[in-house]
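Below is one structure; the comments refer to it alone.
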Amino acid sequence: MEETLLKIKELLALYGLNVLGAIVILIIGVFAAKLIRASLRRLMGRARVDETLISFVSSLSYIVILIFVAIAVLGRLGIHTASFVAILASAGLAIGLALQSSLSSFAAGIMMIIFKPFKVDDYIEGGGVAGSVVAIGIFTTELKSPDNRKILVPNNKIVGDNIVNFNARKTRRIEIVVGVSYHDDIDKVKAVLTRLIESDPRVLKDPAPLIAVLALAENSVNFAVRPWVKASDYWDLFFFLQENIKKQFDLEGITIPFPQQDVHVRQIEK
């Protein structure tokens with residue numbers, strides 16, 4: 001009996017401190033992981049970083065710290081951790097190669113969240129598609145097409161292509177080309193277009209609208225009509241002008257030509 005108690009005391013003396021040390025490392029490690037996660041959330045919140053990125057980075061940092069804590073606890077208990085580290089490194093490499101495209105989209109998502117080339121509700125063109133931004137995720141960006149289709153675009157495709165943000169500026173310029181007949185009085189045409197543009201309150205005074213002869217084309221004299229409007233009024237005014245230019249030209253007797261050919265038939269005498 002005494003021999004058994006002696007062996008128990010020896011085991012406690014040998015492993016008790018290691019177990020106690022492992023428990024202390026675990027407690028301190030978990031506390032440090034929570035503290036670092038909270039500090040990151042607070043610092044990134046003050047920097048006005050997107051909430052999606054704050055949540056992801058803070059959670060990732062917490063998990064990584066816990067992994068190192070677990071390795072330290074195992075090492076304190078006398079378990080060799082070199083094999084665990086090698087397995088984790090190999091698994092990380094394999095996962096990285098398998099998810100190369102996803103990791104590329106992840107990195108692109110972080111770049112978009114940090115640099116903000118567009119925001120939710122902006123109408124953009126990128127990655128070969130166009131639509132209103134519904135959500136910016138870590139891996140994909142959700143767009144809504146004008147006909148209400150849901151479009152999910154990998155972030156690496158958007159970042160790797162040209163990004164056109166139609167709502168980045170408060171004002172936009174409408175560009176309409178109007179062709180009239182060579183028989184029409186171009187001063188009259190310009191006066192009609194000017195009156196139509198200046199009478200609409202949605203057209204901005206500054207910058208001033210431009211109405212000028214753009215080209216002497218093959219079948220028509222082309223006028224450039226370029227008024228500036230608020231971005232929110234762009235499409236309403238665009239469609240309004242297309243319709244009302246035609247109506248005003250009809251009232252004023254101005255002709256909008258269309259391509260045509262005159263065919264002359266000659267009779268060859270035999």
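Going by the structure tokens order, chains are called A, B, ..., each with residues numbered from 1, while ligands are numbered from 1 in the order shown.
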Backbone-only DSSP, alpha helix (DSSP H) members of range 16-229 of chain A, as a PyMOL selection string | chain A and resi 16-46+51-76+82-98+100-115+155-159+186-198
Contact residues around range 60-77 of chain A with only C-alpha atoms at 6 Å, ignoring same-chain residues under 4 positions, as a PyMOL selection string | chain A and resi 18+22+29+33+37
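Using only C-alpha atoms, the residues found no farther than 12 Å from Ile245 in chain A, other than those of its own chain fewer than 4 positions away, are Ile176, Val177, Val178, Gly179, Val180, Val189, Lys190, Ala191, Val192, Leu193, Thr194, Arg195, Leu196, Ile197, Phe223, Val225, Leu237, Phe238, Phe239, Phe240, Leu241, Phe249, Asp250, Leu251, Glu252, Gly253, Ile254, Thr255 and Ile256 of chain A.
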Go ahead and compute the interatomic distance for CA of Ile124 in chain A and CA of Ile110 in chain A, in Å to one decimal.
-> 18.3 Å
DSSP on the backbone, then: every residue of range 34-248 of chain A marked strand (DSSP E), written as a count of residues only.
-> 48
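Checking A:Ala32, A:Val265, A:Val213, A:Leu143 one by one against Lys119 in chain A, counting only C-alpha atoms, you find the shortest gap at A:Leu143.
Going from CA of Phe106 in chain A over to CA of Asn167 in chain A, you cover 24.8 Å.
Remark: for Phe258 in chain A, the closest of the candidate residues A:Ile36, A:Ala217, A:Ala224, A:Val30 is A:Ala217 (distances computed over only C-alpha atoms).
Put simply, CA of Ile158 in chain A is 10.4 Å away from CA of Pro117 in chain A.
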